[in-house]
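Report on the following structure.
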Amino acid sequence: MQPVTAATAARRRAALMRYALVAPAIVIIVGFMVLPLGLMLTYSFLEPGRYGGVVWSYSPEAYIRFFFERDLDDSLVFNLAYVRIFFRSFALAFVTTLVALLIGFPAALYIAMQSPRWRNFLIFLVTVPFWTNLLVRNYAWILILREQGLINEGLLAVGVIEAPIRMIYNNFGITVGLVYSFIPFMVLPIYASLERIDFRLVEAAYDLGANRWQALRRIILPLARPGIYAGCILVFIPCLGAYVTPALLGGGRNLMIGNLIQLQFGASQNWPFGAALAFVLMAIVLLSMLFYLWRFRGRGTGGLGVG
Amino acid sequence: MKQTAEGTAVEARRLTKVFGGPGSEVRALDDVSLTIAKNRFFTLLGPSGCGKTTLLRLIAGFEQPTEGEVLLDGVDIARDPPYRRPVNTVFQSYALFPHMSVAENVGFGLEMNRKPAREIALEVERMLALVRLEGMGGRRPEQLSGGQQQRVALARALANHPKVLLLDEPLSALDLKLRKDMQIELKRLQHETGVTFIFVTHDQHEALTMSDAIAVMDHGKVLQVGTPAEIYETPVNRFVADFIGETNLLPASLTGRTGDEIRFRLDSGKEISGREHGGHDTGARVTLAVRPERAELATGPGGNGLPGTIDRVVYFGTDTQFRVRLKDCDTVFLVRRQNRSGHEASLSEGQEVTVSIPPEALRVLQD
């Protein structure tokens, strides 16, 4: 029957149209997420090739290696070297996030309280560092922090110190570099949530007897909470995998996870172990994200939405 | 006024507030002096931009005056921060804290004043009962209707037992029916609490029906302060007459007086007489004001009358408004007539009539 066939054809066309519309998203997800991650997962369960690459036979060795070391007689001995690097990475990422929050929140609050035009200009300034290469910016910090650097020379000249202070090639240098690199990711989401606060609420708090500190603690902080959480996650997670900053400002002695993984694919020629490390890291990150979502679900946080 | 003053709650002394820098100065308040008696429902009335909200914010402490003093119980508080003033505000947008329950909102001020938790809980209950929101303490503000949010804002502002309650156009977001209810509610609350209410509005009906006293403001100045009846019956100038209720304004010159009869000639050449001269001498240019309900319509020639033609008849339910185009000048004169028996539809559009003005209904205004 003519009308039925026409209707069927139309429906088929509509279905085709739907697939065509989601196709780009599917291609991107499969091409840029599923395939590489699948490959990494597969590699992490294979044996390392002699000169890099992998040998296609199953082995859980990479994951065992994370915790244990094989003695000469092939017995497993606890080895905390890698766990320690993970722990240091988490500690550095945590301190970095904390410092970024302590600097970023007042900065975002200050910006949010300016006139709209001035506000946009200040936000623009926050994003300016993104215009140059991360490597260049980290080298710049070496020039500032090193023993003959700006700070040490300055302090020596004024006579505050007698010998230069060691500020790079240690955890301090790494933290400074990380805070500097990631602080925009803290400022921007906090600013986004502060900007949406109706500042008449703050006036209302003053009116009811709250002083500045109480208004901040009871009104502004709770309302900015989604932005604060988003900022902390956006700083903490990339910090964990940071590579450039610990490599340059840590001087290669204070390894973080990112450097460890890079080593496996480079000098150590152990791709499965590198893939396994990446997966352990990802599992930890995913679990903490799930915890975040579970803990703050339905509080109008808009997930991790920044904007 | 009901009784003579038991004292002054708030006094503004030569208050001036200038916003903006040199070149773009805006004088929001210009040398305003004002005395507000205790236990009154006092209204600041004026069009938007007249300075009424600025005056309120100066009393609340959200703005600092450029010059002048704000006295509360005789003490200058103009430089105190808002949290040290025994004054609370009901905001136009209510400004309820969205992340707190109704009870937490109402108890916030008490908590800031370090009252013990048990006392706060009791007081919150009492306040919610006062605004008739018993049992709503656990709700979130967003779960309440506009009228209920308004009541929470009132309870929150009253919980601190302020000496003065400031209300910044609190009814403007409500629909008409709810607004009428809240007007009565506000009067009741003022009466029950004995707190001085300073109410800001641009709605003259609201001002007339609710206030013990009204200050009419325009361009940063207070033009007139008085009871609603004083403001309505004897406006001091053209602006007040025009802003409060409907008014017919007639440009005229004072032509002479005999005894207590003052004669005016309108620009159309018609003569009309009144009882007051407003301090003007013979020959002076004046503006005459007549309230629409004070004038009468006659089909024949009436005393002290102006001839004209009925342009439009508008039925308002309780009364009917006649728009009369006056002869020999391009002025429309409004007359309002009470609809008492329903038989008064005898006047129709296009009919020739005389607008008859009782001499005592004629006001002489300063421009």
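Letters for chains follow the order of the structure tokens (A, B, ...), residue numbers begin at 1 for each chain, and ligand numbers begin at 1 in the order shown.
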
- Task: Please provide the set of residues having any atom within 7 Å of region 236-246 of chain A, restricted to only C-alpha atoms, with same-chain residues fewer than 2 positions apart removed, written as a PyMOL selection string.
- Result: chain A and resi 89-90+93-94+97+135+138+174+177-178+232-234+248-250+254-259+285

- Task: With a cut-off of 9 Å and counting only C-alpha atoms, select all residues of chain B in contact with chain A and give the selection as a VMD selection string.
- Result: chain B and resid 60 to 62 81 to 91 93 to 99 108 to 113 156 to 157 160

- Within 12 Å of Glu185 (chain B), counting only C-alpha atoms, which residues show up once you throw out same-chain ones fewer than 5 positions away? Write them as a list in words, please.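 Counting only C-alpha atoms, the residues come to Leu130, Val131, Arg132, Gly147, Gln150, Arg151, Leu154, Leu171, Leu178, Arg179, Lys180, Gln190, His191, Glu192 and Met210 of chain B.
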
- Query: Hey, what's within 9 Å of region 48-57 of chain A if we count only C-alpha atoms and toss same-chain stuff fewer than 6 positions away? As an NGL selection string, please?
  - Reply: :A and (265-266 or 268-273)

Could you turn the residues from that selection into a file that holds C-alpha atoms, as a compact mmCIF listing (two decimals), in the first residue's frame?
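Now in again-v3.txt:
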```
# COMPACT_ATOMS: atom_id res chain seq x y z
CA PHE A 265 57.92 4.11 27.80
CA GLY A 266 61.35 5.68 27.40
CA SER A 268 63.16 1.50 30.87
CA GLN A 269 61.53 0.06 27.76
CA ASN A 270 58.76 -1.50 29.82
CA TRP A 271 55.54 -0.55 28.09
CA PRO A 272 53.26 -2.95 30.02
CA PHE A 273 54.42 -1.51 33.33
```

- Task: Go through B:Lys52, B:Arg238, B:Arg363, B:Arg263 one by one, measure the shortest atom-to-atom distance of each to Val200 (chain B) using only C-alpha atoms, and give the residue with the smallest value.
- Result: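 Selected residue with least distance to Val200 (chain B): B:Lys52.
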
- Message: Considering only strand (DSSP E or B) as DSSP defines it on the backbone, what residues of region 12-113 of chain A qualify? List them as a ChimeraX atom specification.
- Response: /A:46-48,50,52,54-58,68-70,76-78

- Task: Take CA of Val99 (chain A) and CA of Met186 (chain A) and report the distance between them in Å, one decimal.
- Result: 10.2 Å

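Shortest atom-to-atom contact with Asp311 (chain B) among B:Leu165, B:Ala129, B:Ala289, B:Leu334: B:Leu334, counting only C-alpha atoms.
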
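Between CA of Asp80 (chain B) and CA of Val124 (chain B) the interatomic distance comes to 27.1 Å.
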
- Task: Calculate how many Å separate CA of Leu98 (chain A) from CA of Ala276 (chain A), rounding to one decimal.
- Result: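 Atom-to-atom, CA of Leu98 (chain A) and CA of Ala276 (chain A) are spaced 28.5 Å apart.
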
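Using only C-alpha atoms, the nearest neighbour of Leu34 (chain B) within the list B:Ala213, B:Val102, B:Ala159, B:Glu134 is B:Ala213.
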
- Task: List the neighbours of Leu266 (chain B) out to 7 Å using only C-alpha atoms; skip same-chain residues closer than 2 positions along the sequence, and give me the result as a ChimeraX atom specification.
- Result: /B:251-253,264,268-271

- Query: Near Thr43 (chain B), counting only C-alpha atoms, which residues have an atom at most 7 Å away, once you skip same-chain residues fewer than 6 positions from it, shown as a list in words?
  - Reply: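 Those residues are Ile198, Phe199, Val200, Ala207, Ser211, Ala213, Ile214 and Ala215 of chain B.
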
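Each of A:Val136, A:Ile197, A:Leu156, A:Ala15 was compared to Leu216 (chain A) using only C-alpha atoms, and A:Ile197 turns out to be the nearest.
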
- Distance query Gly173 (chain A) at most 12 Å, only C-alpha atoms, self and fewer than 2 positions along chain excluded, as an MDAnalysis selection string: chainID A and resid 92 96 138:139 141:147 165:171 175:180 245:251 254

- Message: I'd like to know which residues of region 1-249 of chain A are alpha helix (DSSP H) (by DSSP, run on the backbone); could you write them as a PyMOL selection string?
- Response: chain A and resi 2-29+35-44+61-67+81-112+116-127+134-145+150-158+171-195+200-207+212-215+221-240+244-249
